[in-house]
Amino acid sequence: MSLPTQMSLHGFIATAPELNFTSKGTPRLYARIGVEQFRKEVDGSFTKLDSTYHGLVMFDRAAEHAYAQFKVGDEFVASGYVHEYEVERRGRSEIRDQFIVRHIGHDCSRTRYAVDRPSRQVRPGQIPQASPANEPAPLIGL
């Protein structure tokens, strides 16, 4: 059986996320995101290039949750897909793209955070976890 995969994207939130609703009442989050670009040089070093900027869109309850969690400057890792669409601008047709997110989280290699896990019920015959469920997780990252 093949491993199911999705496109992924690493970037940063460039504009304040906006939460609005579709005509059918579905929550929709939109934010401009930046993606850092680097060029590998022949000597093995990397040169930082200008970041590129794109639209990021999420829907449903995940959009509401992300709206409460993400702020300008937050680094993230997301999976989803690219949606291309056409817009009229100054009498000309342009192709634009946006990343439609299915899953998103803060980049743990660049973000300090604590994990707040829900408590889990122990079923009969199950061995409880060694640490208490309410014990705070250690900070990970910088």
# chains A, B, ... in the order shown; residues from 1 in each chain; ligands from 1

$ residues_around --residues "Glu64 of chain A" --least-positions-apart "3" --cutoff "12 Å" --atoms "only C-alpha atoms" --output "PDB file with all heavy atoms, in the first residue's frame"
ATOM      1  N   PRO A  17      -4.437  37.547  10.318  1.00  0.00           N
ATOM      2  CA  PRO A  17      -5.466  36.663   9.766  1.00  0.00           C
ATOM      3  C   PRO A  17      -6.846  37.304   9.871  1.00  0.00           C
ATOM      4  O   PRO A  17      -7.158  37.997  10.840  1.00  0.00           O
ATOM      5  CB  PRO A  17      -5.369  35.420  10.658  1.00  0.00           C
ATOM      6  CG  PRO A  17      -3.974  35.439  11.185  1.00  0.00           C
ATOM      7  CD  PRO A  17      -3.661  36.897  11.377  1.00  0.00           C
ATOM      8  N   GLU A  18      -7.657  37.085   8.850  1.00  0.00           N
ATOM      9  CA  GLU A  18      -9.025  37.602   8.808  1.00  0.00           C
ATOM     10  C   GLU A  18      -9.978  36.424   8.820  1.00  0.00           C
ATOM     11  O   GLU A  18      -9.798  35.468   8.065  1.00  0.00           O
ATOM     12  CB  GLU A  18      -9.253  38.394   7.519  1.00  0.00           C
ATOM     13  CG  GLU A  18      -8.326  39.572   7.336  1.00  0.00           C
ATOM     14  CD  GLU A  18      -8.422  40.171   5.945  1.00  0.00           C
ATOM     15  OE1 GLU A  18      -9.382  39.856   5.194  1.00  0.00           O
ATOM     16  OE2 GLU A  18      -7.523  40.943   5.593  1.00  0.00           O
ATOM     17  N   LEU A  19     -10.988  36.489   9.671  1.00  0.00           N
ATOM     18  CA  LEU A  19     -12.006  35.449   9.714  1.00  0.00           C
ATOM     19  C   LEU A  19     -13.303  36.035   9.196  1.00  0.00           C
ATOM     20  O   LEU A  19     -13.792  37.050   9.704  1.00  0.00           O
ATOM     21  CB  LEU A  19     -12.200  34.928  11.145  1.00  0.00           C
ATOM     22  CG  LEU A  19     -13.174  33.769  11.289  1.00  0.00           C
ATOM     23  CD1 LEU A  19     -12.639  32.522  10.586  1.00  0.00           C
ATOM     24  CD2 LEU A  19     -13.445  33.479  12.758  1.00  0.00           C
ATOM     25  N   ASN A  20     -13.838  35.431   8.140  1.00  0.00           N
ATOM     26  CA  ASN A  20     -15.136  35.844   7.624  1.00  0.00           C
ATOM     27  C   ASN A  20     -15.924  34.582   7.304  1.00  0.00           C
ATOM     28  O   ASN A  20     -15.501  33.488   7.659  1.00  0.00           O
ATOM     29  CB  ASN A  20     -14.995  36.787   6.423  1.00  0.00           C
ATOM     30  CG  ASN A  20     -14.062  36.224   5.369  1.00  0.00           C
ATOM     31  OD1 ASN A  20     -14.119  35.042   5.056  1.00  0.00           O
ATOM     32  ND2 ASN A  20     -13.199  37.057   4.824  1.00  0.00           N
ATOM     33  N   PHE A  21     -17.049  34.720   6.656  1.00  0.00           N
ATOM     34  CA  PHE A  21     -17.914  33.575   6.401  1.00  0.00           C
ATOM     35  C   PHE A  21     -18.322  33.554   4.934  1.00  0.00           C
ATOM     36  O   PHE A  21     -18.560  34.602   4.329  1.00  0.00           O
ATOM     37  CB  PHE A  21     -19.150  33.632   7.304  1.00  0.00           C
ATOM     38  CG  PHE A  21     -18.779  33.533   8.759  1.00  0.00           C
ATOM     39  CD1 PHE A  21     -18.435  34.656   9.486  1.00  0.00           C
ATOM     40  CD2 PHE A  21     -18.728  32.291   9.379  1.00  0.00           C
ATOM     41  CE1 PHE A  21     -18.060  34.564  10.813  1.00  0.00           C
ATOM     42  CE2 PHE A  21     -18.351  32.187  10.706  1.00  0.00           C
ATOM     43  CZ  PHE A  21     -18.019  33.323  11.430  1.00  0.00           C
ATOM     44  N   THR A  26     -20.070  29.179   6.113  1.00  0.00           N
ATOM     45  CA  THR A  26     -18.891  28.428   6.517  1.00  0.00           C
ATOM     46  C   THR A  26     -17.775  29.379   6.932  1.00  0.00           C
ATOM     47  O   THR A  26     -17.449  30.301   6.190  1.00  0.00           O
ATOM     48  CB  THR A  26     -18.385  27.548   5.340  1.00  0.00           C
ATOM     49  OG1 THR A  26     -19.448  26.699   4.916  1.00  0.00           O
ATOM     50  CG2 THR A  26     -17.176  26.721   5.733  1.00  0.00           C
ATOM     51  N   PRO A  27     -17.168  29.169   8.118  1.00  0.00           N
ATOM     52  CA  PRO A  27     -16.036  30.011   8.513  1.00  0.00           C
ATOM     53  C   PRO A  27     -14.883  29.887   7.516  1.00  0.00           C
ATOM     54  O   PRO A  27     -14.585  28.786   7.035  1.00  0.00           O
ATOM     55  CB  PRO A  27     -15.629  29.461   9.880  1.00  0.00           C
ATOM     56  CG  PRO A  27     -16.831  28.731  10.366  1.00  0.00           C
ATOM     57  CD  PRO A  27     -17.509  28.200   9.152  1.00  0.00           C
ATOM     58  N   ARG A  28     -14.250  31.021   7.202  1.00  0.00           N
ATOM     59  CA  ARG A  28     -13.131  31.055   6.252  1.00  0.00           C
ATOM     60  C   ARG A  28     -12.053  31.974   6.803  1.00  0.00           C
ATOM     61  O   ARG A  28     -12.321  33.137   7.119  1.00  0.00           O
ATOM     62  CB  ARG A  28     -13.598  31.585   4.906  1.00  0.00           C
ATOM     63  CG  ARG A  28     -12.500  31.741   3.869  1.00  0.00           C
ATOM     64  CD  ARG A  28     -13.064  32.401   2.602  1.00  0.00           C
ATOM     65  NE  ARG A  28     -12.065  32.593   1.584  1.00  0.00           N
ATOM     66  CZ  ARG A  28     -11.310  33.693   1.466  1.00  0.00           C
ATOM     67  NH1 ARG A  28     -11.451  34.693   2.306  1.00  0.00           N
ATOM     68  NH2 ARG A  28     -10.412  33.781   0.498  1.00  0.00           N
ATOM     69  N   LEU A  29     -10.848  31.455   6.947  1.00  0.00           N
ATOM     70  CA  LEU A  29      -9.710  32.261   7.379  1.00  0.00           C
ATOM     71  C   LEU A  29      -8.869  32.595   6.165  1.00  0.00           C
ATOM     72  O   LEU A  29      -8.646  31.743   5.303  1.00  0.00           O
ATOM     73  CB  LEU A  29      -8.850  31.480   8.384  1.00  0.00           C
ATOM     74  CG  LEU A  29      -7.580  32.210   8.811  1.00  0.00           C
ATOM     75  CD1 LEU A  29      -7.440  32.151  10.320  1.00  0.00           C
ATOM     76  CD2 LEU A  29      -6.358  31.622   8.155  1.00  0.00           C
ATOM     77  N   TYR A  30      -8.414  33.850   6.100  1.00  0.00           N
ATOM     78  CA  TYR A  30      -7.500  34.273   5.038  1.00  0.00           C
ATOM     79  C   TYR A  30      -6.358  35.054   5.664  1.00  0.00           C
ATOM     80  O   TYR A  30      -6.566  35.871   6.564  1.00  0.00           O
ATOM     81  CB  TYR A  30      -8.207  35.170   4.006  1.00  0.00           C
ATOM     82  CG  TYR A  30      -7.244  35.711   2.985  1.00  0.00           C
ATOM     83  CD1 TYR A  30      -6.875  34.940   1.895  1.00  0.00           C
ATOM     84  CD2 TYR A  30      -6.662  36.963   3.138  1.00  0.00           C
ATOM     85  CE1 TYR A  30      -5.954  35.415   0.964  1.00  0.00           C
ATOM     86  CE2 TYR A  30      -5.743  37.448   2.216  1.00  0.00           C
ATOM     87  CZ  TYR A  30      -5.392  36.666   1.139  1.00  0.00           C
ATOM     88  OH  TYR A  30      -4.479  37.129   0.238  1.00  0.00           O
ATOM     89  N   VAL A  57      -5.588  30.046   2.886  1.00  0.00           N
ATOM     90  CA  VAL A  57      -7.018  29.957   3.169  1.00  0.00           C
ATOM     91  C   VAL A  57      -7.302  28.673   3.927  1.00  0.00           C
ATOM     92  O   VAL A  57      -6.724  27.623   3.629  1.00  0.00           O
ATOM     93  CB  VAL A  57      -7.849  29.979   1.857  1.00  0.00           C
ATOM     94  CG1 VAL A  57      -9.331  29.847   2.141  1.00  0.00           C
ATOM     95  CG2 VAL A  57      -7.575  31.245   1.074  1.00  0.00           C
ATOM     96  N   MET A  58      -8.174  28.772   4.925  1.00  0.00           N
ATOM     97  CA  MET A  58      -8.665  27.612   5.685  1.00  0.00           C
ATOM     98  C   MET A  58     -10.174  27.743   5.829  1.00  0.00           C
ATOM     99  O   MET A  58     -10.703  28.860   5.821  1.00  0.00           O
ATOM    100  CB  MET A  58      -8.063  27.572   7.095  1.00  0.00           C
ATOM    101  CG  MET A  58      -6.621  27.244   7.152  1.00  0.00           C
ATOM    102  SD  MET A  58      -6.074  27.130   8.874  1.00  0.00           S
ATOM    103  CE  MET A  58      -6.759  25.551   9.319  1.00  0.00           C
ATOM    104  N   PHE A  59     -10.840  26.617   6.052  1.00  0.00           N
ATOM    105  CA  PHE A  59     -12.288  26.615   6.198  1.00  0.00           C
ATOM    106  C   PHE A  59     -12.716  25.852   7.446  1.00  0.00           C
ATOM    107  O   PHE A  59     -11.938  25.104   8.043  1.00  0.00           O
ATOM    108  CB  PHE A  59     -12.948  25.966   4.964  1.00  0.00           C
ATOM    109  CG  PHE A  59     -12.737  26.743   3.704  1.00  0.00           C
ATOM    110  CD1 PHE A  59     -11.727  26.404   2.830  1.00  0.00           C
ATOM    111  CD2 PHE A  59     -13.537  27.832   3.396  1.00  0.00           C
ATOM    112  CE1 PHE A  59     -11.511  27.127   1.664  1.00  0.00           C
ATOM    113  CE2 PHE A  59     -13.339  28.560   2.233  1.00  0.00           C
ATOM    114  CZ  PHE A  59     -12.329  28.199   1.365  1.00  0.00           C
ATOM    115  N   ASP A  60     -13.967  26.032   7.803  1.00  0.00           N
ATOM    116  CA  ASP A  60     -14.657  25.304   8.866  1.00  0.00           C
ATOM    117  C   ASP A  60     -14.086  25.591  10.256  1.00  0.00           C
ATOM    118  O   ASP A  60     -13.528  26.650  10.483  1.00  0.00           O
ATOM    119  CB  ASP A  60     -14.680  23.803   8.557  1.00  0.00           C
ATOM    120  CG  ASP A  60     -15.429  23.497   7.267  1.00  0.00           C
ATOM    121  OD1 ASP A  60     -16.506  24.085   7.080  1.00  0.00           O
ATOM    122  OD2 ASP A  60     -14.931  22.695   6.455  1.00  0.00           O
ATOM    123  N   ARG A  61     -14.234  24.635  11.180  1.00  0.00           N
ATOM    124  CA  ARG A  61     -13.794  24.830  12.558  1.00  0.00           C
ATOM    125  C   ARG A  61     -12.294  25.035  12.650  1.00  0.00           C
ATOM    126  O   ARG A  61     -11.811  25.754  13.521  1.00  0.00           O
ATOM    127  CB  ARG A  61     -14.227  23.645  13.412  1.00  0.00           C
ATOM    128  CG  ARG A  61     -15.732  23.656  13.657  1.00  0.00           C
ATOM    129  CD  ARG A  61     -16.244  22.493  14.457  1.00  0.00           C
ATOM    130  NE  ARG A  61     -15.440  22.210  15.634  1.00  0.00           N
ATOM    131  CZ  ARG A  61     -15.393  21.030  16.218  1.00  0.00           C
ATOM    132  NH1 ARG A  61     -16.104  20.022  15.737  1.00  0.00           N
ATOM    133  NH2 ARG A  61     -14.660  20.834  17.280  1.00  0.00           N
ATOM    134  N   TYR A  67      -7.562  31.006  13.635  1.00  0.00           N
ATOM    135  CA  TYR A  67      -7.725  32.449  13.826  1.00  0.00           C
ATOM    136  C   TYR A  67      -7.373  32.845  15.263  1.00  0.00           C
ATOM    137  O   TYR A  67      -6.753  33.885  15.503  1.00  0.00           O
ATOM    138  CB  TYR A  67      -9.160  32.862  13.491  1.00  0.00           C
ATOM    139  CG  TYR A  67      -9.422  34.326  13.672  1.00  0.00           C
ATOM    140  CD1 TYR A  67      -8.894  35.266  12.785  1.00  0.00           C
ATOM    141  CD2 TYR A  67     -10.192  34.784  14.732  1.00  0.00           C
ATOM    142  CE1 TYR A  67      -9.125  36.620  12.945  1.00  0.00           C
ATOM    143  CE2 TYR A  67     -10.435  36.141  14.900  1.00  0.00           C
ATOM    144  CZ  TYR A  67      -9.902  37.044  14.008  1.00  0.00           C
ATOM    145  OH  TYR A  67     -10.128  38.387  14.169  1.00  0.00           O
ATOM    146  N   ALA A  68      -7.726  31.994  16.213  1.00  0.00           N
ATOM    147  CA  ALA A  68      -7.434  32.274  17.624  1.00  0.00           C
ATOM    148  C   ALA A  68      -5.967  32.020  17.970  1.00  0.00           C
ATOM    149  O   ALA A  68      -5.463  32.576  18.942  1.00  0.00           O
ATOM    150  CB  ALA A  68      -8.331  31.415  18.518  1.00  0.00           C
ATOM    151  N   GLN A  69      -5.272  31.195  17.186  1.00  0.00           N
ATOM    152  CA  GLN A  69      -3.916  30.765  17.542  1.00  0.00           C
ATOM    153  C   GLN A  69      -2.795  31.487  16.815  1.00  0.00           C
ATOM    154  O   GLN A  69      -1.679  31.552  17.319  1.00  0.00           O
ATOM    155  CB  GLN A  69      -3.763  29.260  17.291  1.00  0.00           C
ATOM    156  CG  GLN A  69      -4.690  28.400  18.123  1.00  0.00           C
ATOM    157  CD  GLN A  69      -4.427  28.543  19.605  1.00  0.00           C
ATOM    158  OE1 GLN A  69      -3.294  28.630  20.044  1.00  0.00           O
ATOM    159  NE2 GLN A  69      -5.488  28.602  20.388  1.00  0.00           N
ATOM    160  N   PHE A  70      -3.026  32.000  15.613  1.00  0.00           N
ATOM    161  CA  PHE A  70      -1.943  32.537  14.792  1.00  0.00           C
ATOM    162  C   PHE A  70      -1.964  34.056  14.740  1.00  0.00           C
ATOM    163  O   PHE A  70      -3.016  34.672  14.577  1.00  0.00           O
ATOM    164  CB  PHE A  70      -1.989  31.964  13.378  1.00  0.00           C
ATOM    165  CG  PHE A  70      -1.534  30.534  13.327  1.00  0.00           C
ATOM    166  CD1 PHE A  70      -2.430  29.493  13.490  1.00  0.00           C
ATOM    167  CD2 PHE A  70      -0.193  30.232  13.156  1.00  0.00           C
ATOM    168  CE1 PHE A  70      -2.007  28.176  13.471  1.00  0.00           C
ATOM    169  CE2 PHE A  70       0.241  28.928  13.142  1.00  0.00           C
ATOM    170  CZ  PHE A  70      -0.664  27.893  13.297  1.00  0.00           C
TER     171      PHE A  70
END

$ closest_residue --among "A:Ser79, A:Ser51, A:Ser119, A:Gln37" --to "Ile100 of chain A" --atoms "only C-alpha atoms"
A:Ser79

$ select_by_dssp --residues "chain A" --states "strand (DSSP E or B)" --output "PyMOL selection string"
chain A and resi 7-13+18-21+27-40+46-59+75-89+92-106+113+140

$ closest_residue --among "A:Leu56, A:Ile13, A:Ala66, A:Ala31" --to "Val82 of chain A" --atoms "only C-alpha atoms"
A:Leu56

$ residues_around --residues "Ile104 of chain A" --least-positions-apart "2" --cutoff "10 Å" --atoms "only C-alpha atoms" --output "list in words"
Ser8, Leu9, His10, Met58, Ala62, Ala63, Ala66, Phe76, Val77, Ala78, Ser79, Gly80, Val101, Arg102, His106 and Asp107 of chain A

$ write_last_selection --atoms "N, CA, C and O atoms" --output "CSV table (one decimal), in the first residue's frame"
chain,number,residue,atom,x,y,z
A,8,SER,N,3.2,20.1,1.3
A,8,SER,CA,3.4,20.9,2.6
A,8,SER,C,4.0,22.2,2.3
A,8,SER,O,4.6,22.4,1.2
A,9,LEU,N,3.9,23.1,3.2
A,9,LEU,CA,4.4,24.5,3.1
A,9,LEU,C,4.9,25.0,4.4
A,9,LEU,O,4.3,24.8,5.4
A,10,HIS,N,6.1,25.6,4.4
A,10,HIS,CA,6.6,26.2,5.6
A,10,HIS,C,6.7,27.7,5.3
A,10,HIS,O,7.2,28.1,4.3
A,58,MET,N,-8.2,28.8,4.9
A,58,MET,CA,-8.7,27.6,5.7
A,58,MET,C,-10.2,27.7,5.8
A,58,MET,O,-10.7,28.9,5.8
A,62,ALA,N,-11.5,24.4,11.8
A,62,ALA,CA,-10.1,24.6,11.8
A,62,ALA,C,-9.7,26.1,11.5
A,62,ALA,O,-8.8,26.6,12.1
A,63,ALA,N,-10.5,26.8,10.7
A,63,ALA,CA,-10.3,28.2,10.4
A,63,ALA,C,-10.5,29.0,11.7
A,63,ALA,O,-9.7,29.9,12.0
A,66,ALA,N,-7.5,28.3,14.1
A,66,ALA,CA,-6.3,28.9,13.6
A,66,ALA,C,-6.4,30.4,13.8
A,66,ALA,O,-5.4,31.1,14.2
A,76,PHE,N,5.0,28.7,10.7
A,76,PHE,CA,4.1,27.5,10.6
A,76,PHE,C,4.5,26.5,9.6
A,76,PHE,O,5.4,26.8,8.8
A,77,VAL,N,4.0,25.3,9.8
A,77,VAL,CA,4.1,24.2,8.8
A,77,VAL,C,2.7,23.8,8.5
A,77,VAL,O,1.9,23.6,9.4
A,78,ALA,N,2.3,23.7,7.2
A,78,ALA,CA,0.9,23.4,6.9
A,78,ALA,C,0.9,22.3,5.7
A,78,ALA,O,1.9,22.2,5.0
A,79,SER,N,-0.1,21.5,5.7
A,79,SER,CA,-0.3,20.6,4.6
A,79,SER,C,-1.6,21.0,3.9
A,79,SER,O,-2.6,21.5,4.5
A,80,GLY,N,-1.7,20.7,2.6
A,80,GLY,CA,-2.9,21.1,1.9
A,80,GLY,C,-2.6,21.0,0.4
A,80,GLY,O,-1.9,20.1,-0.1
A,101,VAL,N,-5.3,25.2,3.2
A,101,VAL,CA,-4.8,24.4,4.3
A,101,VAL,C,-5.8,23.4,4.7
A,101,VAL,O,-7.0,23.7,4.9
A,102,ARG,N,-5.3,22.2,4.9
A,102,ARG,CA,-6.1,21.1,5.6
A,102,ARG,C,-5.6,20.9,7.0
A,102,ARG,O,-6.4,20.6,7.9
A,106,HIS,N,2.1,25.4,14.5
A,106,HIS,CA,3.3,26.2,14.6
A,106,HIS,C,4.6,25.4,14.3
A,106,HIS,O,4.6,24.2,14.6
A,107,ASP,N,5.6,26.0,13.8
A,107,ASP,CA,6.9,25.3,13.5
A,107,ASP,C,7.6,25.1,14.8
A,107,ASP,O,8.1,26.1,15.4

$ closest_residue --among "A:Gly55, A:Asp50, A:Phe38, A:Arg110" --to "Tyr85 of chain A" --atoms "only C-alpha atoms"
A:Gly55

$ closest_residue --among "A:Arg39, A:Arg90, A:Arg117, A:His65" --to "Gly105 of chain A" --atoms "only C-alpha atoms"
A:His65

$ select_by_dssp --residues "chain A" --states "alpha helix (DSSP H)" --output "PyMOL selection string"
chain A and resi 60-69
